[in-house]
file data_34.pdb (PDB, C-alpha atoms)
MODEL        1
ATOM      1  CA  MET A  66      13.637   5.088  -5.716
ATOM      2  CA  ALA A  67      10.141   3.914  -6.627
ATOM      3  CA  ASP A  68       9.697   2.431  -3.136
ATOM      4  CA  VAL A  69      10.745   5.710  -1.511
ATOM      5  CA  LEU A  70       8.308   7.620  -3.702
ATOM      6  CA  VAL A  71       5.436   5.343  -2.667
ATOM      7  CA  VAL A  72       6.298   5.770   1.013
ATOM      8  CA  ALA A  73       6.612   9.530   0.491
ATOM      9  CA  ILE A  74       3.128   9.654  -1.043
ATOM     10  CA  LEU A  75       1.743   7.664   1.881
ATOM     11  CA  ALA A  76       3.484  10.083   4.263
ATOM     12  CA  GLY A  77       1.858  12.970   2.422
ATOM     13  CA  CYS A  78      -1.572  11.364   2.813
ATOM     14  CA  PHE A  79      -0.905  10.881   6.499
ATOM     15  CA  GLY A  80       0.191  14.526   6.634
ATOM     16  CA  LEU A  81      -3.263  15.595   5.430
ATOM     17  CA  LEU A  82      -4.890  13.761   8.334
ATOM     18  CA  PHE A  83      -2.283  14.842  10.853
ATOM     19  CA  GLY A  84      -2.592  18.434   9.660
ATOM     20  CA  SER A  85      -6.216  18.310  10.750
ATOM     21  CA  PHE A  86      -5.044  17.388  14.256
ATOM     22  CA  LEU A  87      -2.488  20.202  14.187
ATOM     23  CA  ASN A  88      -5.336  22.616  13.441
ATOM     24  CA  VAL A  89      -7.034  21.384  16.604
ATOM     25  CA  CYS A  90      -3.824  22.030  18.569
ATOM     26  CA  ILE A  91      -3.426  25.513  17.071
ATOM     27  CA  PHE A  92      -6.901  26.550  18.164
ATOM     28  CA  ARG A  93      -7.303  24.715  21.472
ATOM     29  CA  VAL A  94      -3.928  24.636  23.230
ATOM     30  CA  PRO A  95      -3.521  28.450  23.547
ATOM     31  CA  ARG A  96      -7.079  28.554  24.953
ATOM     32  CA  ASP A  97      -6.383  25.782  27.486
ATOM     33  CA  LEU A  98      -8.881  23.436  25.831
ATOM     34  CA  SER A  99      -8.490  19.673  25.521
ATOM     35  CA  VAL A 100      -7.282  18.425  22.122
ATOM     36  CA  VAL A 101      -9.139  15.142  22.679
ATOM     37  CA  ALA A 102     -12.666  16.180  23.620
ATOM     38  CA  PRO A 103     -15.121  17.432  22.600
ATOM     39  CA  ARG A 104     -15.228  16.570  18.906
ATOM     40  CA  SER A 105     -14.414  19.231  16.342
ATOM     41  CA  PHE A 106     -16.808  22.156  16.475
ATOM     42  CA  CYS A 107     -17.437  25.379  14.584
ATOM     43  CA  THR A 108     -15.612  28.227  16.293
ATOM     44  CA  SER A 109     -18.498  30.586  15.441
ATOM     45  CA  CYS A 110     -21.706  28.699  16.364
ATOM     46  CA  GLU A 111     -19.870  26.066  18.493
ATOM     47  CA  ARG A 112     -21.952  23.206  17.066
ATOM     48  CA  GLN A 113     -20.178  19.916  16.456
ATOM     49  CA  ILE A 114     -18.957  19.251  12.946
ATOM     50  CA  PRO A 115     -20.113  15.921  11.431
ATOM     51  CA  TRP A 116     -17.456  13.635  10.014
ATOM     52  CA  TYR A 117     -18.429  14.318   6.404
ATOM     53  CA  ASP A 118     -17.753  18.033   6.940
ATOM     54  CA  ASN A 119     -14.399  17.324   8.539
ATOM     55  CA  ILE A 120     -12.530  15.663   5.657
ATOM     56  CA  PRO A 121      -9.195  17.481   5.190
ATOM     57  CA  VAL A 122      -9.264  20.082   2.385
ATOM     58  CA  VAL A 123     -12.143  18.344   0.566
ATOM     59  CA  SER A 124     -14.827  19.459   3.029
ATOM     60  CA  TYR A 125     -13.503  23.021   2.996
ATOM     61  CA  LEU A 126     -13.811  23.144  -0.788
ATOM     62  CA  LEU A 127     -17.270  21.530  -0.875
ATOM     63  CA  LEU A 128     -18.538  23.949   1.772
ATOM     64  CA  ALA A 129     -16.953  26.926  -0.041
ATOM     65  CA  GLY A 130     -15.109  27.766   3.158
ATOM     66  CA  ARG A 131     -18.251  28.266   5.287
ATOM     67  CA  CYS A 132     -19.928  26.426   8.149
ATOM     68  CA  ARG A 133     -22.853  24.332   6.914
ATOM     69  CA  ARG A 134     -25.104  25.556   9.741
ATOM     70  CA  CYS A 135     -24.260  29.157  10.623
ATOM     71  CA  LYS A 136     -22.707  30.046   7.238
ATOM     72  CA  GLU A 137     -19.822  31.881   8.946
ATOM     73  CA  ARG A 138     -16.542  31.798   7.062
ATOM     74  CA  ILE A 139     -14.023  29.146   8.056
ATOM     75  CA  SER A 140     -10.456  30.376   8.369
ATOM     76  CA  TYR A 141      -8.212  29.672   5.378
ATOM     77  CA  ARG A 142      -5.699  28.428   7.909
ATOM     78  CA  TYR A 143      -7.371  25.014   8.079
ATOM     79  CA  PRO A 144      -6.713  23.849   4.500
ATOM     80  CA  VAL A 145      -3.334  25.645   4.433
ATOM     81  CA  VAL A 146      -2.128  23.734   7.497
ATOM     82  CA  GLU A 147      -3.409  20.426   6.125
ATOM     83  CA  LEU A 148      -1.824  20.930   2.706
ATOM     84  CA  SER A 149       1.474  22.262   4.079
ATOM     85  CA  THR A 150       1.761  19.345   6.506
ATOM     86  CA  ALA A 151       1.101  16.890   3.679
ATOM     87  CA  LEU A 152       3.680  18.564   1.439
ATOM     88  CA  LEU A 153       6.335  18.705   4.159
ATOM     89  CA  PHE A 154       5.846  15.071   5.152
ATOM     90  CA  PHE A 155       6.066  14.050   1.495
ATOM     91  CA  LEU A 156       9.279  16.033   0.922
ATOM     92  CA  THR A 157      10.805  14.825   4.184
ATOM     93  CA  VAL A 158      10.417  11.131   3.336
ATOM     94  CA  LEU A 159      11.522  11.824  -0.214
ATOM     95  CA  ASN A 160      14.730  13.443   1.090
ATOM     96  CA  PHE A 161      15.504  11.274   4.132
ATOM     97  CA  GLY A 162      13.843   8.001   3.168
ATOM     98  CA  PHE A 163      11.901   5.738   5.511
ATOM     99  CA  SER A 164      14.122   6.401   8.520
ATOM    100  CA  LEU A 165      14.348   7.725  12.070
ATOM    101  CA  ALA A 166      15.746  10.941  10.622
ATOM    102  CA  ALA A 167      12.564  11.421   8.597
ATOM    103  CA  LEU A 168      10.469  10.790  11.708
ATOM    104  CA  LYS A 169      12.527  13.347  13.661
ATOM    105  CA  TRP A 170      12.038  16.039  11.041
ATOM    106  CA  MET A 171       8.319  15.346  10.690
ATOM    107  CA  ILE A 172       7.944  15.800  14.455
ATOM    108  CA  PHE A 173       9.986  18.997  14.246
ATOM    109  CA  GLU A 174       7.957  20.312  11.312
ATOM    110  CA  SER A 175       4.726  19.617  13.177
ATOM    111  CA  LEU A 176       5.966  21.656  16.148
ATOM    112  CA  MET A 177       7.010  24.494  13.859
ATOM    113  CA  ILE A 178       3.665  24.533  12.026
ATOM    114  CA  VAL A 179       1.727  24.810  15.291
ATOM    115  CA  LEU A 180       4.008  27.513  16.703
ATOM    116  CA  PHE A 181       4.022  29.409  13.397
ATOM    117  CA  TRP A 182       0.257  29.817  13.512
ATOM    118  CA  THR A 183      -0.221  30.378  17.232
ATOM    119  CA  ASP A 184       2.308  33.202  17.094
ATOM    120  CA  ALA A 185       0.869  34.629  13.867
ATOM    121  CA  GLU A 186      -2.704  34.608  15.175
ATOM    122  CA  LEU A 187      -2.330  35.195  18.916
ATOM    123  CA  LEU A 188       1.293  36.256  19.517
ATOM    124  CA  LEU A 189       1.608  33.149  21.700
ATOM    125  CA  LEU A 190       4.171  30.356  21.728
ATOM    126  CA  PRO A 191       2.678  27.755  24.120
ATOM    127  CA  ASP A 192       5.042  26.033  26.543
ATOM    128  CA  GLU A 193       3.568  22.673  25.563
ATOM    129  CA  PHE A 194       5.362  22.992  22.214
ATOM    130  CA  THR A 195       8.444  25.046  23.156
ATOM    131  CA  LEU A 196       9.544  23.526  26.463
ATOM    132  CA  GLY A 197       8.090  20.221  25.300
ATOM    133  CA  GLY A 198      10.018  20.615  22.060
ATOM    134  CA  ILE A 199      13.310  21.039  23.938
ATOM    135  CA  ILE A 200      12.729  17.780  25.824
ATOM    136  CA  ILE A 201      11.733  15.921  22.650
ATOM    137  CA  GLY A 202      14.759  17.308  20.791
ATOM    138  CA  LEU A 203      17.138  16.154  23.527
ATOM    139  CA  ILE A 204      15.648  12.656  23.573
ATOM    140  CA  ILE A 205      15.657  12.243  19.799
ATOM    141  CA  SER A 206      19.289  13.396  19.617
ATOM    142  CA  LEU A 207      20.270  10.076  21.222
ATOM    143  CA  PHE A 208      18.873   8.196  18.226
ATOM    144  CA  VAL A 209      19.354  10.651  15.345
ATOM    145  CA  PRO A 210      22.689  12.527  15.355
ATOM    146  CA  ILE A 211      22.556  16.320  15.384
ATOM    147  CA  PRO A 212      23.683  17.650  11.972
ATOM    148  CA  GLY A 213      26.937  19.607  11.813
ATOM    149  CA  GLU A 214      30.673  19.039  12.202
ATOM    150  CA  LEU A 215      31.419  21.177  15.260
ATOM    151  CA  MET A 216      31.115  18.435  17.887
ATOM    152  CA  SER A 217      33.176  16.037  15.761
ATOM    153  CA  PHE A 218      36.086  18.438  16.144
ATOM    154  CA  ALA A 219      35.346  19.501  19.750
ATOM    155  CA  ALA A 220      34.702  16.062  21.244
ATOM    156  CA  PRO A 221      35.908  13.332  18.858
ATOM    157  CA  ASN A 222      36.319  10.736  21.636
ATOM    158  CA  LEU A 223      32.693  10.740  22.755
ATOM    159  CA  SER A 224      30.326   8.083  21.458
ATOM    160  CA  VAL A 225      28.007   9.242  18.693
ATOM    161  CA  PRO A 226      24.816   9.243  20.834
ATOM    162  CA  LEU A 227      26.503  11.115  23.705
ATOM    163  CA  ARG A 228      28.149  13.565  21.337
ATOM    164  CA  SER A 229      24.791  14.202  19.712
ATOM    165  CA  LEU A 230      23.103  14.741  23.094
ATOM    166  CA  VAL A 231      25.790  17.251  24.113
ATOM    167  CA  ALA A 232      25.407  19.012  20.760
ATOM    168  CA  SER A 233      21.647  19.189  21.291
ATOM    169  CA  ALA A 234      22.005  20.613  24.816
ATOM    170  CA  LEU A 235      24.669  23.101  23.765
ATOM    171  CA  GLY A 236      22.548  24.154  20.812
ATOM    172  CA  ALA A 237      19.572  24.861  23.072
ATOM    173  CA  VAL A 238      21.692  26.928  25.468
ATOM    174  CA  ALA A 239      23.714  28.727  22.783
ATOM    175  CA  LEU A 240      20.621  29.914  20.936
ATOM    176  CA  ALA A 241      18.435  30.756  23.928
ATOM    177  CA  LEU A 242      20.891  32.303  26.387
ATOM    178  CA  PRO A 243      22.111  35.311  24.311
ATOM    179  CA  PHE A 244      18.540  36.237  23.425
ATOM    180  CA  ALA A 245      17.533  35.935  27.106
ATOM    181  CA  ALA A 246      20.388  38.254  28.080
ATOM    182  CA  PHE A 247      19.351  40.723  25.386
ATOM    183  CA  ALA A 248      15.705  40.642  26.514
ATOM    184  CA  PHE A 249      16.733  41.217  30.126
ATOM    185  CA  GLY A 250      19.025  44.107  29.179
ATOM    186  CA  TYR A 251      16.345  45.635  26.992
ATOM    187  CA  SER A 252      13.790  45.416  29.779
ATOM    188  CA  ARG A 253      16.086  47.187  32.246
ATOM    189  CA  LEU A 254      16.875  49.926  29.729
ATOM    190  CA  ARG A 255      13.205  50.389  28.938
ATOM    191  CA  GLU A 256      12.396  50.639  32.644
ATOM    192  CA  LEU A 257      15.025  53.344  33.135
ATOM    193  CA  LEU A 258      13.807  55.316  30.120
ATOM    194  CA  ASP A 259      10.174  55.109  31.220
ATOM    195  CA  ARG A 260      11.055  56.278  34.703
ATOM    196  CA  ALA A 261      13.100  59.146  33.300
ATOM    197  CA  ARG A 262      10.067  60.211  31.271
ATOM    198  CA  GLY A 263       7.876  60.146  34.370
ATOM    199  CA  ARG A 264       5.861  57.068  33.428
ATOM    200  CA  GLY A 265       6.550  55.275  36.678
ATOM    201  CA  LYS A 266       7.282  51.590  37.062
ATOM    202  CA  VAL A 267       6.336  49.349  34.159
ATOM    203  CA  GLU A 268       4.659  46.032  34.857
ATOM    204  CA  SER A 269       6.933  42.996  34.714
ATOM    205  CA  GLN A 270       5.129  41.411  31.782
ATOM    206  CA  ASP A 271       5.984  44.494  29.729
ATOM    207  CA  LEU A 272       9.620  44.415  30.802
ATOM    208  CA  MET A 273      10.480  40.940  29.506
ATOM    209  CA  PRO A 274       9.443  40.635  25.866
ATOM    210  CA  GLY A 275      10.280  37.517  23.946
ATOM    211  CA  LEU A 276      10.105  34.831  26.658
ATOM    212  CA  GLY A 277       8.237  32.586  24.236
ATOM    213  CA  ASP A 278      10.834  33.339  21.571
ATOM    214  CA  ILE A 279      13.621  32.372  23.998
ATOM    215  CA  LYS A 280      11.994  28.993  24.618
ATOM    216  CA  LEU A 281      11.442  28.552  20.884
ATOM    217  CA  LEU A 282      15.140  29.201  20.264
ATOM    218  CA  GLY A 283      15.906  26.491  22.806
ATOM    219  CA  THR A 284      13.719  24.102  20.802
ATOM    220  CA  LEU A 285      15.508  25.018  17.583
ATOM    221  CA  GLY A 286      18.901  24.465  19.189
ATOM    222  CA  ALA A 287      17.862  21.109  20.657
ATOM    223  CA  PHE A 288      16.748  19.809  17.256
ATOM    224  CA  LEU A 289      19.228  21.562  14.959
ATOM    225  CA  GLY A 290      22.397  22.046  17.012
ATOM    226  CA  ILE A 291      24.550  25.167  17.148
ATOM    227  CA  GLU A 292      25.584  25.497  13.503
ATOM    228  CA  ILE A 293      22.266  25.030  11.730
ATOM    229  CA  GLY A 294      20.487  26.682  14.659
ATOM    230  CA  PHE A 295      22.406  29.897  14.084
ATOM    231  CA  VAL A 296      21.675  29.681  10.361
ATOM    232  CA  THR A 297      17.991  29.506  11.285
ATOM    233  CA  LEU A 298      18.329  32.491  13.619
ATOM    234  CA  LEU A 299      20.097  34.502  10.933
ATOM    235  CA  ILE A 300      17.500  33.743   8.256
ATOM    236  CA  GLY A 301      14.523  34.205  10.583
ATOM    237  CA  SER A 302      15.712  37.464  12.133
ATOM    238  CA  SER A 303      16.704  38.933   8.760
ATOM    239  CA  ALA A 304      13.351  38.047   7.214
ATOM    240  CA  GLY A 305      11.539  39.314  10.295
ATOM    241  CA  ALA A 306      13.355  42.630  10.213
ATOM    242  CA  VAL A 307      12.831  43.263   6.500
ATOM    243  CA  LEU A 308       9.270  41.973   6.138
ATOM    244  CA  GLY A 309       8.221  43.271   9.552
ATOM    245  CA  LEU A 310       9.398  46.801   8.872
ATOM    246  CA  LEU A 311       7.815  46.666   5.434
ATOM    247  CA  TYR A 312       4.499  45.590   6.993
ATOM    248  CA  ILE A 313       4.666  48.386   9.571
ATOM    249  CA  PHE A 314       5.427  50.908   6.857
ATOM    250  CA  VAL A 315       2.624  49.764   4.539
ATOM    251  CA  THR A 316       0.001  49.516   7.277
ATOM    252  CA  LYS A 317       1.275  52.670   9.049
ATOM    253  CA  LYS A 318       1.526  50.930  12.402
ATOM    254  CA  ASP A 319       3.389  52.523  15.302
ATOM    255  CA  PRO A 320       6.737  50.646  15.522
ATOM    256  CA  ARG A 321       6.995  51.551  19.221
ATOM    257  CA  THR A 322       3.837  49.670  20.175
ATOM    258  CA  HIS A 323       3.157  47.164  17.391
ATOM    259  CA  HIS A 324       4.366  43.662  18.212
ATOM    260  CA  LEU A 325       5.600  41.468  15.387
ATOM    261  CA  PRO A 326       5.354  37.668  15.582
ATOM    262  CA  PHE A 327       9.107  37.015  15.600
ATOM    263  CA  GLY A 328       8.484  33.341  16.337
ATOM    264  CA  THR A 329       6.563  32.987  13.086
ATOM    265  CA  PHE A 330       9.644  33.996  11.083
ATOM    266  CA  LEU A 331      11.869  31.668  13.125
ATOM    267  CA  CYS A 332       9.515  28.727  12.523
ATOM    268  CA  ALA A 333       9.417  29.359   8.768
ATOM    269  CA  ALA A 334      13.221  29.579   8.668
ATOM    270  CA  ALA A 335      13.493  26.374  10.738
ATOM    271  CA  ILE A 336      11.390  24.422   8.253
ATOM    272  CA  LEU A 337      13.528  25.784   5.423
ATOM    273  CA  VAL A 338      16.816  24.683   7.004
ATOM    274  CA  VAL A 339      15.562  21.125   7.481
ATOM    275  CA  PHE A 340      16.162  20.714   3.761
ATOM    276  CA  PHE A 341      18.881  23.298   3.048
ATOM    277  CA  GLY A 342      20.619  23.937   6.389
ATOM    278  CA  PRO A 343      23.385  21.302   6.080
ATOM    279  CA  LYS A 344      24.215  22.541   2.570
ATOM    280  CA  ILE A 345      24.477  26.124   3.823
ATOM    281  CA  VAL A 346      26.751  25.093   6.710
ATOM    282  CA  ALA A 347      28.900  22.942   4.405
ATOM    283  CA  PHE A 348      29.237  25.911   2.061
ATOM    284  CA  TRP A 349      30.400  28.152   4.931
ATOM    285  CA  TRP A 350      32.880  25.533   6.131
ATOM    286  CA  GLY A 351      34.185  25.340   2.565
ATOM    287  CA  LEU A 352      34.761  29.087   2.459
ATOM    288  CA  GLY A 353      36.945  28.845   5.540
ATOM    289  CA  GLN A 354      39.217  26.170   4.090
TER     290      GLN A 354
ENDMDL
END
call {"tool": "encode", "arguments": {"input": "data_34.pdb", "output": "structure tokens"}}
result
Amino acid sequence: MADVLVVAILAGCFGLLFGSFLNVCIFRVPRDLSVVAPRSFCTSCERQIPWYDNIPVVSYLLLAGRCRRCKERISYRYPVVELSTALLFFLTVLNFGFSLAALKWMIFESLMIVLFWTDAELLLLPDEFTLGGIIIGLIISLFVPIPGELMSFAAPNLSVPLRSLVASALGAVALALPFAAFAFGYSRLRELLDRARGRGKVESQDLMPGLGDIKLLGTLGAFLGIEIGFVTLLIGSSAGAVLGLLYIFVTKKDPRTHHLPFGTFLCAAAILVVFFGPKIVAFWWGLGQ
């Protein structure tokens, strides 16, 4: 136990450093900027940040959350991402030990952190992390079995790696396809209603909401499988509906035009089920026995 704790602490320290890189991805990837060059720069004055002002969390505190040169405020997102990545990496190793499973979930958590913030800030879920996440999830499933008992009953004769790969692929399709069908049906209905009201034809980008969410659901299914994937969808959509409507009510936004970052709620739920999803599924299976 002591050895696992030491490794978990080291993973947390690495999470601080890696969280700094995730911040770079969150800002640059949606803007089609390289994550390698140039060096970190202030998003306000665009001057490069020296290494001593780029120490995770510490520099933010010493600078009181402002750029040393232009004095513009630095987003709170930077230390939050670094600290949350460190905490998640620590908890992951503490729960799964020094293993391939821990590595899988740290990769998954990193994807979810990036997508959480890009959707929250820009209403964007970049393909690099959604479509890329599906591919990574499928590959990792060959080495780390997908959690859940469904495939054990459905295909008991398959080898464990192949069964896991099938579970990953089915999870991606099962989560993404119904939402894609719903989005398509919604777009057609909206088009008919707009035409009936004399608004003319609506542009295609307005007719297909949630394409990024569909790809994100594919990523969740590829990593989590059908059972825990649907638990994630249930938690994320429920939280999104309740908190989203509450936000619209408090801020007096127009629910017909205000877009909520649904992907943000899905990502938060996905991180939660990494630690509690199997227990929730086991509880449900127990109720059915």
call {"tool": "atom_distance", "arguments": {"input": "data_34.pdb", "atom1": "CA of Ala245 (chain A)", "atom2": "CA of Leu257 (chain A)"}}
result
18.6 Å
call {"tool": "resolve_selection", "arguments": {"input": "data_34.pdb", "expression": "the PyMOL selection byres ((chain A and resi 304) around 12)", "output": "list of chain:residue names"}}
result
A:Thr297, A:Leu298, A:Leu299, A:Ile300, A:Gly301, A:Ser302, A:Ser303, A:Gly305, A:Ala306, A:Val307, A:Leu308, A:Gly309, A:Leu310, A:Leu311, A:Tyr312, A:Leu325, A:Pro326, A:Phe327, A:Gly328, A:Thr329, A:Phe330, A:Leu331, A:Cys332, A:Ala333, A:Ala334
call {"tool": "write_last_selection", "arguments": {"input": "data_34.pdb", "atoms": "C-alpha atoms", "output": "mmCIF file, in the coordinates of the input"}}
result
data_model
loop_
_atom_site.group_PDB
_atom_site.id
_atom_site.type_symbol
_atom_site.label_atom_id
_atom_site.label_comp_id
_atom_site.auth_asym_id
_atom_site.auth_seq_id
_atom_site.Cartn_x
_atom_site.Cartn_y
_atom_site.Cartn_z
ATOM 1 C CA THR A 297 17.991 29.506 11.285
ATOM 2 C CA LEU A 298 18.329 32.491 13.619
ATOM 3 C CA LEU A 299 20.097 34.502 10.933
ATOM 4 C CA ILE A 300 17.500 33.743 8.256
ATOM 5 C CA GLY A 301 14.523 34.205 10.583
ATOM 6 C CA SER A 302 15.712 37.464 12.133
ATOM 7 C CA SER A 303 16.704 38.933 8.760
ATOM 8 C CA GLY A 305 11.539 39.314 10.295
ATOM 9 C CA ALA A 306 13.355 42.630 10.213
ATOM 10 C CA VAL A 307 12.831 43.263 6.500
ATOM 11 C CA LEU A 308 9.270 41.973 6.138
ATOM 12 C CA GLY A 309 8.221 43.271 9.552
ATOM 13 C CA LEU A 310 9.398 46.801 8.872
ATOM 14 C CA LEU A 311 7.815 46.666 5.434
ATOM 15 C CA TYR A 312 4.499 45.590 6.993
ATOM 16 C CA LEU A 325 5.600 41.468 15.387
ATOM 17 C CA PRO A 326 5.354 37.668 15.582
ATOM 18 C CA PHE A 327 9.107 37.015 15.600
ATOM 19 C CA GLY A 328 8.484 33.341 16.337
ATOM 20 C CA THR A 329 6.563 32.987 13.086
ATOM 21 C CA PHE A 330 9.644 33.996 11.083
ATOM 22 C CA LEU A 331 11.869 31.668 13.125
ATOM 23 C CA CYS A 332 9.515 28.727 12.523
ATOM 24 C CA ALA A 333 9.417 29.359 8.768
ATOM 25 C CA ALA A 334 13.221 29.579 8.668
#
call {"tool": "closest_residue", "arguments": {"input": "data_34.pdb", "among": "A:Phe288, A:Phe249, A:Trp170, A:Phe155", "to": "Gly202 (chain A)", "atoms": "all atoms listed in the file"}}
result
A:Phe288
call {"tool": "resolve_selection", "arguments": {"input": "data_34.pdb", "expression": "the PyMOL selection byres ((chain A and resi 291) around 10)", "output": "NGL selection string"}}
result
:A and (211-216 or 232-240 or 285-290 or 292-297)
call {"tool": "resolve_selection", "arguments": {"input": "data_34.pdb", "expression": "the PyMOL selection byres ((chain A and resi 169) around 12)", "output": "MDAnalysis selection string"}}
result
chainID A and resid 154 157:158 161:168 170:176 198 201:211 287:289 339
call {"tool": "write_last_selection", "arguments": {"input": "data_34.pdb", "atoms": "C-alpha atoms", "output": "mmCIF file, keeping the file's coordinate frame"}}
result
data_model
loop_
_atom_site.group_PDB
_atom_site.id
_atom_site.type_symbol
_atom_site.label_atom_id
_atom_site.label_comp_id
_atom_site.auth_asym_id
_atom_site.auth_seq_id
_atom_site.Cartn_x
_atom_site.Cartn_y
_atom_site.Cartn_z
ATOM 1 C CA PHE A 154 5.846 15.071 5.152
ATOM 2 C CA THR A 157 10.805 14.825 4.184
ATOM 3 C CA VAL A 158 10.417 11.131 3.336
ATOM 4 C CA PHE A 161 15.504 11.274 4.132
ATOM 5 C CA GLY A 162 13.843 8.001 3.168
ATOM 6 C CA PHE A 163 11.901 5.738 5.511
ATOM 7 C CA SER A 164 14.122 6.401 8.520
ATOM 8 C CA LEU A 165 14.348 7.725 12.070
ATOM 9 C CA ALA A 166 15.746 10.941 10.622
ATOM 10 C CA ALA A 167 12.564 11.421 8.597
ATOM 11 C CA LEU A 168 10.469 10.790 11.708
ATOM 12 C CA TRP A 170 12.038 16.039 11.041
ATOM 13 C CA MET A 171 8.319 15.346 10.690
ATOM 14 C CA ILE A 172 7.944 15.800 14.455
ATOM 15 C CA PHE A 173 9.986 18.997 14.246
ATOM 16 C CA GLU A 174 7.957 20.312 11.312
ATOM 17 C CA SER A 175 4.726 19.617 13.177
ATOM 18 C CA LEU A 176 5.966 21.656 16.148
ATOM 19 C CA GLY A 198 10.018 20.615 22.060
ATOM 20 C CA ILE A 201 11.733 15.921 22.650
ATOM 21 C CA GLY A 202 14.759 17.308 20.791
ATOM 22 C CA LEU A 203 17.138 16.154 23.527
ATOM 23 C CA ILE A 204 15.648 12.656 23.573
ATOM 24 C CA ILE A 205 15.657 12.243 19.799
ATOM 25 C CA SER A 206 19.289 13.396 19.617
ATOM 26 C CA LEU A 207 20.270 10.076 21.222
ATOM 27 C CA PHE A 208 18.873 8.196 18.226
ATOM 28 C CA VAL A 209 19.354 10.651 15.345
ATOM 29 C CA PRO A 210 22.689 12.527 15.355
ATOM 30 C CA ILE A 211 22.556 16.320 15.384
ATOM 31 C CA ALA A 287 17.862 21.109 20.657
ATOM 32 C CA PHE A 288 16.748 19.809 17.256
ATOM 33 C CA LEU A 289 19.228 21.562 14.959
ATOM 34 C CA VAL A 339 15.562 21.125 7.481
#
call {"tool": "atom_distance", "arguments": {"input": "data_34.pdb", "atom1": "CA of Pro343 (chain A)", "atom2": "CA of Leu153 (chain A)"}}
result
17.4 Å
call {"tool": "atom_distance", "arguments": {"input": "data_34.pdb", "atom1": "CA of Phe341 (chain A)", "atom2": "CA of Ser149 (chain A)"}}
result
17.5 Å
